[in-house]
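Take a look at the structure below.
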Amino acid sequence: MAELGDLFVRLLISHMATHIEHHYVPRFLLKQWHTRPDDKLTSFRWEHGQLISDRYKAKSVAKEPHLYSMERSQTVPNVKVEKEFWGPHIDDPAALVHAKMLNKGINGLNLEDKKAWSPFLVSLMLRGPTMIHHIRERGRDTLLESLDKDPDEFLAIRGDEPEATLREWVEKHMPDVLDDLGVMSLPELAFSEKLNLALLNVTWGIRSVHAARFDLLIGDRPLIVGGTFETSFLVALPISPTKIFFALNNEETLANMKDRDHDEFVRLANLSTVVDAERYVFATNTRQEQFVKKFLREPNSI
């Protein structure tokens with residue numbers, strides 16, 4: 001009987017541990033930077049004034065516990081956004097498109113592939129730790145502003161409640177609602193018609209840079225974005241150390257990209273990757289350590 005009790009506890013703990021680590025750069029993408037002999041990638045970060053490089057599996061980087069969880073004040077937070085949205089609706093379909101692009105190129109994609117890849121690109125604008133913090137704060141401010149609109153209505157129905165305002169009541173009795181409202185909006189944001197149509201109705205391409213001196217780097221904010229969706233823009237994403245996806249709506253930008261030789265193109269792409277990184281940059285090896293050291297911002301300078 002005691003053994004059955006121990007088994008139950010182990011199963012319960014195992015269930016509680018499911019989907020705790022939330023990956024803001026999906027593993028299927030980062031695995032492309034795995035190299036021999038250990039089948040891992042190189043991760044760069046600043047720590048105590050030193051640029052540190054370590055070797056990790058893709059599953060062990062670009063993640064944060066309960067980043068997208070709701071009800072985080074509870075013993076077992078609600079991981080529905082990670083488990084039921086990012087995985088099945090964004091990352092899993094995008095992984096299939098990613099594999100197809102690597103094998104067949106951009107011309108191998110059909111409309112359904114593009115409709116799966118576009119929200120994945122949008123998701124990369126949303127899901128990093130800094131942006132999620134901003135989204136949570138914005139959701140909180142929006143809800144509090146709404147709660148403050150009709151104070152007399154709350155006063156008329158509050159009865160014996162000690163709180164003077166509806167804001168105070170919600171902050172005391174439903175604090176998770178304030179923290180979670182922004183996260184609840186992530187599915188709607190990722191499938192934003194405006195952003196996805198902007199991406200779908202422009203030129204898509206993949207540039208191979210096998211002949212370049214250095215590999216492409218990828219960061220914890222992997223999407224390279226220039227311009228605005230309202231005017232002229234470029235969106236690019238390294239999809240392997242030697243291939244980069246791009247979407248753009250300006251023929252001059254496309255011509256300018258074609259004019260760059262492989263080495264110059266890779267350097268410019270890597271510069272954007274490193275400068276835009278929040279904390280981590282990932283590579284196949286340490287050959288670009290000095291480049292990363294020069295351009296990756298230290299945490300206290302961000």
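Ligands are numbered from 1 in the order shown, chains are lettered A, B, ... in the order of the structure tokens, and residues start at 1 in each chain.
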
- request: Mind listing the strand (DSSP E) residues of region 179-254 of chain A, per DSSP on the backbone, as an MDAnalysis selection string?
  value: chainID A and resid 203:208 218:219 224:227 233:240 243:248

Would you save the residues from that selection as a CSV table (one decimal), in the first residue's frame, using N, CA, C and O atoms?
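File written: selection-v1.csv
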chain,number,residue,atom,x,y,z
A,203,THR,N,7.0,39.9,-50.8
A,203,THR,CA,8.0,38.9,-51.4
A,203,THR,C,8.6,38.1,-50.3
A,203,THR,O,9.1,38.7,-49.3
A,204,TRP,N,8.6,36.8,-50.5
A,204,TRP,CA,9.3,35.9,-49.5
A,204,TRP,C,10.5,35.3,-50.3
A,204,TRP,O,10.5,35.0,-51.5
A,205,GLY,N,11.6,35.0,-49.5
A,205,GLY,CA,12.7,34.4,-50.1
A,205,GLY,C,13.6,33.7,-49.0
A,205,GLY,O,13.4,33.9,-47.8
A,206,ILE,N,14.6,32.9,-49.5
A,206,ILE,CA,15.6,32.3,-48.6
A,206,ILE,C,16.9,32.6,-49.3
A,206,ILE,O,17.1,32.3,-50.5
A,207,ARG,N,17.8,33.1,-48.5
A,207,ARG,CA,19.2,33.3,-49.0
A,207,ARG,C,20.1,32.2,-48.4
A,207,ARG,O,20.2,32.1,-47.1
A,208,SER,N,20.8,31.5,-49.2
A,208,SER,CA,21.8,30.6,-48.7
A,208,SER,C,23.2,31.3,-48.7
A,208,SER,O,23.6,31.9,-49.6
A,218,ILE,N,22.1,33.3,-34.2
A,218,ILE,CA,20.7,33.4,-33.8
A,218,ILE,C,20.6,33.8,-32.4
A,218,ILE,O,21.4,33.4,-31.6
A,219,GLY,N,19.7,34.7,-32.0
A,219,GLY,CA,19.7,35.2,-30.7
A,219,GLY,C,18.4,34.9,-30.0
A,219,GLY,O,17.5,34.2,-30.5
A,224,ILE,N,14.6,39.4,-37.1
A,224,ILE,CA,15.3,40.6,-37.5
A,224,ILE,C,14.2,41.5,-38.2
A,224,ILE,O,13.6,41.0,-39.2
A,225,VAL,N,13.9,42.6,-37.7
A,225,VAL,CA,12.8,43.5,-38.2
A,225,VAL,C,13.3,44.9,-38.5
A,225,VAL,O,14.0,45.5,-37.7
A,226,GLY,N,13.1,45.3,-39.7
A,226,GLY,CA,13.4,46.7,-40.1
A,226,GLY,C,12.2,47.4,-40.7
A,226,GLY,O,11.5,46.8,-41.4
A,227,GLY,N,12.1,48.7,-40.5
A,227,GLY,CA,11.0,49.4,-41.0
A,227,GLY,C,9.7,49.2,-40.2
A,227,GLY,O,9.7,48.7,-39.1
A,233,PHE,N,9.1,47.5,-45.1
A,233,PHE,CA,9.6,46.7,-44.0
A,233,PHE,C,10.4,45.5,-44.5
A,233,PHE,O,10.2,45.1,-45.7
A,234,LEU,N,11.3,45.0,-43.7
A,234,LEU,CA,12.0,43.8,-43.9
A,234,LEU,C,11.9,42.9,-42.6
A,234,LEU,O,12.2,43.4,-41.5
A,235,VAL,N,11.5,41.7,-42.8
A,235,VAL,CA,11.5,40.7,-41.7
A,235,VAL,C,12.4,39.5,-42.1
A,235,VAL,O,12.3,39.0,-43.2
A,236,ALA,N,13.4,39.2,-41.3
A,236,ALA,CA,14.3,38.1,-41.6
A,236,ALA,C,14.5,37.2,-40.4
A,236,ALA,O,14.4,37.6,-39.2
A,237,LEU,N,14.7,35.9,-40.7
A,237,LEU,CA,14.9,34.9,-39.6
A,237,LEU,C,15.9,33.9,-40.0
A,237,LEU,O,15.7,33.2,-41.1
A,238,PRO,N,17.1,33.8,-39.3
A,238,PRO,CA,18.0,32.7,-39.6
A,238,PRO,C,17.2,31.3,-39.4
A,238,PRO,O,16.7,31.1,-38.3
A,239,ILE,N,17.2,30.5,-40.4
A,239,ILE,CA,16.5,29.2,-40.2
A,239,ILE,C,17.5,28.0,-40.1
A,239,ILE,O,17.2,26.9,-39.9
A,240,SER,N,18.8,28.4,-40.3
A,240,SER,CA,19.9,27.4,-40.1
A,240,SER,C,21.2,28.3,-40.1
A,240,SER,O,21.1,29.5,-40.4
A,243,LYS,N,21.4,29.5,-43.8
A,243,LYS,CA,20.2,29.9,-44.6
A,243,LYS,C,19.4,30.9,-43.7
A,243,LYS,O,19.2,30.7,-42.5
A,244,ILE,N,18.9,31.9,-44.4
A,244,ILE,CA,18.1,32.9,-43.7
A,244,ILE,C,16.8,33.2,-44.6
A,244,ILE,O,16.9,33.4,-45.8
A,245,PHE,N,15.7,33.2,-43.9
A,245,PHE,CA,14.4,33.5,-44.5
A,245,PHE,C,14.2,35.0,-44.5
A,245,PHE,O,14.6,35.7,-43.5
A,246,PHE,N,13.5,35.6,-45.5
A,246,PHE,CA,13.2,37.0,-45.4
A,246,PHE,C,11.9,37.2,-46.1
A,246,PHE,O,11.4,36.5,-47.0
A,247,ALA,N,11.2,38.3,-45.6
A,247,ALA,CA,10.0,38.8,-46.2
A,247,ALA,C,10.1,40.3,-46.3
A,247,ALA,O,10.4,40.9,-45.3
A,248,LEU,N,9.8,40.9,-47.5
A,248,LEU,CA,9.9,42.3,-47.6
A,248,LEU,C,9.0,42.8,-48.6
A,248,LEU,O,8.4,42.1,-49.5

Q.
Which residues are near Asp176 (chain A)? Cut-off 10 Å, only C-alpha atoms, ignore same chain within fewer than 2 positions. Put them as a ChimeraX atom specification.
A. /A:70-74,140,170-174,178-181

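Nearest to Asp263 (chain A) of all the residues A:Pro299, A:Ala211, A:Ala58, A:Arg27 is A:Ala211, based on only C-alpha atoms.
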
What parts of region 42-238 of chain A does DSSP call helix (DSSP H, G or I)? I'd like the answer as a PyMOL selection string. chain A and resi 58-60+80-104+106-108+111-126+129-147+151-157+166-173+175-184+186-190+193-200

Output file for the selection above: C-alpha atoms, as a compact mmCIF listing (two decimals), in the first residue's frame:
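Once written, out32.txt looks like this:
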# COMPACT_ATOMS: atom_id res chain seq x y z
CA ALA A 58 18.57 23.40 -27.80
CA LYS A 59 16.01 22.16 -25.27
CA SER A 60 18.10 23.66 -22.45
CA LYS A 80 -2.79 26.24 -20.96
CA VAL A 81 -1.22 28.91 -23.19
CA GLU A 82 2.05 26.99 -23.51
CA LYS A 83 0.48 23.53 -23.73
CA GLU A 84 -2.60 24.21 -25.82
CA PHE A 85 -1.63 27.24 -27.90
CA TRP A 86 2.08 27.76 -28.63
CA GLY A 87 2.73 24.08 -29.25
CA PRO A 88 -0.18 22.77 -31.34
CA HIS A 89 -1.22 26.02 -33.06
CA ILE A 90 2.08 27.82 -33.64
CA ASP A 91 5.27 25.79 -33.22
CA ASP A 92 4.19 22.36 -34.45
CA PRO A 93 2.82 23.64 -37.79
CA ALA A 94 5.81 25.98 -38.19
CA ALA A 95 8.25 23.12 -37.62
CA LEU A 96 6.81 21.29 -40.63
CA VAL A 97 7.14 24.41 -42.80
CA HIS A 98 10.67 24.98 -41.52
CA ALA A 99 11.69 21.48 -42.57
CA LYS A 100 10.11 21.98 -45.97
CA MET A 101 11.98 25.27 -46.51
CA LEU A 102 15.30 23.65 -45.67
CA ASN A 103 14.64 20.78 -48.06
CA LYS A 104 12.75 22.41 -50.93
CA ILE A 106 10.78 28.90 -50.69
CA ASN A 107 9.17 27.63 -53.90
CA GLY A 108 8.25 24.42 -52.10
CA LEU A 111 -0.52 28.83 -49.34
CA GLU A 112 -1.32 26.71 -46.30
CA ASP A 113 2.38 26.51 -45.45
CA LYS A 114 2.61 30.28 -45.62
CA LYS A 115 -0.46 30.67 -43.42
CA ALA A 116 1.27 28.47 -40.82
CA TRP A 117 4.63 30.27 -41.06
CA SER A 118 3.26 33.82 -40.89
CA PRO A 119 1.76 33.59 -37.34
CA PHE A 120 4.96 31.90 -36.21
CA LEU A 121 6.89 34.97 -37.35
CA VAL A 122 4.41 37.21 -35.51
CA SER A 123 4.76 35.04 -32.42
CA LEU A 124 8.50 35.67 -32.34
CA MET A 125 7.75 39.36 -31.90
CA LEU A 126 5.59 38.61 -28.85
CA PRO A 129 10.54 37.62 -21.67
CA THR A 130 10.73 41.41 -22.01
CA MET A 131 7.75 41.57 -24.37
CA ILE A 132 5.69 39.21 -22.22
CA HIS A 133 6.40 41.40 -19.19
CA HIS A 134 5.26 44.41 -21.22
CA ILE A 135 2.11 42.59 -22.38
CA ARG A 136 1.26 41.61 -18.80
CA GLU A 137 1.75 45.20 -17.60
CA ARG A 138 -0.32 46.62 -20.43
CA GLY A 139 -3.13 44.15 -19.72
CA ARG A 140 -3.01 45.06 -16.05
CA ASP A 141 -3.20 48.81 -16.80
CA THR A 142 -6.09 48.30 -19.22
CA LEU A 143 -8.10 46.28 -16.71
CA LEU A 144 -7.43 48.66 -13.83
CA GLU A 145 -8.49 51.60 -15.97
CA SER A 146 -11.72 49.78 -16.72
CA LEU A 147 -12.29 48.99 -13.05
CA PRO A 151 -16.85 53.64 -8.77
CA ASP A 152 -20.41 54.49 -7.70
CA GLU A 153 -21.72 51.21 -9.08
CA PHE A 154 -19.36 49.21 -6.86
CA LEU A 155 -20.14 51.33 -3.82
CA ALA A 156 -23.84 50.63 -4.32
CA ILE A 157 -23.41 46.85 -4.30
CA LEU A 166 -13.57 47.75 -7.16
CA ARG A 167 -9.86 48.06 -7.98
CA GLU A 168 -8.94 47.30 -4.38
CA TRP A 169 -11.36 44.35 -4.30
CA VAL A 170 -9.94 42.79 -7.48
CA GLU A 171 -6.34 43.39 -6.33
CA LYS A 172 -7.10 41.55 -3.10
CA HIS A 173 -9.39 38.74 -4.26
CA PRO A 175 -4.80 39.32 -8.34
CA ASP A 176 -4.10 36.71 -11.03
CA VAL A 177 -6.70 38.26 -13.33
CA LEU A 178 -4.64 41.43 -13.46
CA ASP A 179 -1.47 39.49 -14.27
CA ASP A 180 -3.11 37.22 -16.82
CA LEU A 181 -5.22 39.50 -19.01
CA GLY A 182 -2.34 40.32 -21.35
CA VAL A 183 -1.34 36.67 -21.69
CA MET A 184 -4.92 35.80 -22.58
CA LEU A 186 -1.59 36.22 -27.10
CA PRO A 187 -3.62 33.97 -29.45
CA GLU A 188 -5.46 36.96 -30.86
CA LEU A 189 -2.21 38.89 -31.29
CA ALA A 190 -0.37 36.01 -32.98
CA GLU A 193 -5.23 39.77 -39.41
CA LYS A 194 -3.38 43.04 -39.97
CA LEU A 195 0.08 41.64 -39.23
CA ASN A 196 -0.44 38.33 -40.99
CA LEU A 197 -1.86 39.88 -44.14
CA ALA A 198 1.08 42.28 -44.20
CA LEU A 199 3.46 39.32 -44.15
CA LEU A 200 1.54 37.13 -46.58

Applying 9 Å and only C-alpha atoms, which residues near Asn285 (chain A) remain after dropping the ones on its own chain fewer than 5 positions away? List them as an MDAnalysis selection string. chainID A and resid 33 35 41:43 55

Could those residues be written to a file, using C-alpha atoms, as a PDB file, in the first residue's frame?
ATOM      1  CA  TRP A  33      22.873  25.115 -34.615  1.00  0.00           C
ATOM      2  CA  THR A  35      27.316  20.705 -34.109  1.00  0.00           C
ATOM      3  CA  LEU A  41      25.104  24.589 -29.750  1.00  0.00           C
ATOM      4  CA  THR A  42      27.288  27.328 -28.297  1.00  0.00           C
ATOM      5  CA  SER A  43      25.524  29.849 -26.045  1.00  0.00           C
ATOM      6  CA  ARG A  55      27.645  24.161 -24.917  1.00  0.00           C
TER       7      ARG A  55
END

Expressed in Å, the length from CA of Phe295 (chain A) to CA of His210 (chain A) is 23.5 Å

Can you tell me which residues surround Lys57 (chain A) at a distance of at most 8 Å, considering only C-alpha atoms, apart from same-chain residues fewer than 5 positions away, and format the answer as number ranges by chain? A: 31, 34, 39-41

Just-selected residues, all heavy atoms written as a PDB file, in the first residue's frame:
ATOM      1  N   LYS A  31      17.829  23.761 -32.875  1.00  0.00           N
ATOM      2  CA  LYS A  31      18.548  22.501 -33.117  1.00  0.00           C
ATOM      3  C   LYS A  31      19.409  22.562 -34.370  1.00  0.00           C
ATOM      4  O   LYS A  31      20.378  21.806 -34.505  1.00  0.00           O
ATOM      5  CB  LYS A  31      17.558  21.344 -33.240  1.00  0.00           C
ATOM      6  CG  LYS A  31      17.030  20.827 -31.918  1.00  0.00           C
ATOM      7  CD  LYS A  31      16.032  19.699 -32.120  1.00  0.00           C
ATOM      8  CE  LYS A  31      16.710  18.467 -32.705  1.00  0.00           C
ATOM      9  NZ  LYS A  31      15.746  17.326 -32.792  1.00  0.00           N
ATOM     10  N   HIS A  34      23.088  22.876 -33.629  1.00  0.00           N
ATOM     11  CA  HIS A  34      23.843  21.776 -33.017  1.00  0.00           C
ATOM     12  C   HIS A  34      24.992  21.370 -33.931  1.00  0.00           C
ATOM     13  O   HIS A  34      24.817  21.256 -35.145  1.00  0.00           O
ATOM     14  CB  HIS A  34      22.937  20.563 -32.809  1.00  0.00           C
ATOM     15  CG  HIS A  34      22.024  20.691 -31.634  1.00  0.00           C
ATOM     16  ND1 HIS A  34      21.191  19.668 -31.231  1.00  0.00           N
ATOM     17  CD2 HIS A  34      21.803  21.697 -30.754  1.00  0.00           C
ATOM     18  CE1 HIS A  34      20.495  20.041 -30.167  1.00  0.00           C
ATOM     19  NE2 HIS A  34      20.847  21.281 -29.867  1.00  0.00           N
ATOM     20  N   ASP A  39      26.966  17.328 -30.374  1.00  0.00           N
ATOM     21  CA  ASP A  39      25.609  17.585 -30.843  1.00  0.00           C
ATOM     22  C   ASP A  39      24.907  18.620 -29.956  1.00  0.00           C
ATOM     23  O   ASP A  39      23.783  18.432 -29.505  1.00  0.00           O
ATOM     24  CB  ASP A  39      24.792  16.294 -30.890  1.00  0.00           C
ATOM     25  CG  ASP A  39      23.506  16.443 -31.702  1.00  0.00           C
ATOM     26  OD1 ASP A  39      23.492  17.277 -32.622  1.00  0.00           O
ATOM     27  OD2 ASP A  39      22.525  15.738 -31.413  1.00  0.00           O
ATOM     28  N   LYS A  40      25.598  19.740 -29.748  1.00  0.00           N
ATOM     29  CA  LYS A  40      25.067  20.858 -28.970  1.00  0.00           C
ATOM     30  C   LYS A  40      25.372  22.160 -29.705  1.00  0.00           C
ATOM     31  O   LYS A  40      26.100  22.172 -30.698  1.00  0.00           O
ATOM     32  CB  LYS A  40      25.700  20.894 -27.564  1.00  0.00           C
ATOM     33  CG  LYS A  40      25.366  19.702 -26.691  1.00  0.00           C
ATOM     34  CD  LYS A  40      26.056  19.806 -25.337  1.00  0.00           C
ATOM     35  CE  LYS A  40      25.720  18.610 -24.449  1.00  0.00           C
ATOM     36  NZ  LYS A  40      26.407  18.691 -23.133  1.00  0.00           N
ATOM     37  N   LEU A  41      24.796  23.263 -29.221  1.00  0.00           N
ATOM     38  CA  LEU A  41      25.104  24.589 -29.750  1.00  0.00           C
ATOM     39  C   LEU A  41      25.950  25.351 -28.741  1.00  0.00           C
ATOM     40  O   LEU A  41      26.079  24.942 -27.578  1.00  0.00           O
ATOM     41  CB  LEU A  41      23.829  25.353 -30.099  1.00  0.00           C
ATOM     42  CG  LEU A  41      22.724  25.525 -29.043  1.00  0.00           C
ATOM     43  CD1 LEU A  41      23.094  26.519 -27.965  1.00  0.00           C
ATOM     44  CD2 LEU A  41      21.422  25.949 -29.716  1.00  0.00           C
TER      45      LEU A  41
END

At a cut-off of 9 Å, using only C-alpha atoms, what residues contact Val275 (chain A)? Leave out same-chain residues fewer than 2 positions from it and give the result as a list in words.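 The contact residues come out as Asn270, Leu271, Ser272, Thr273, Ala277, Glu278, Val292, Phe295, Leu296 and Arg297 of chain A.
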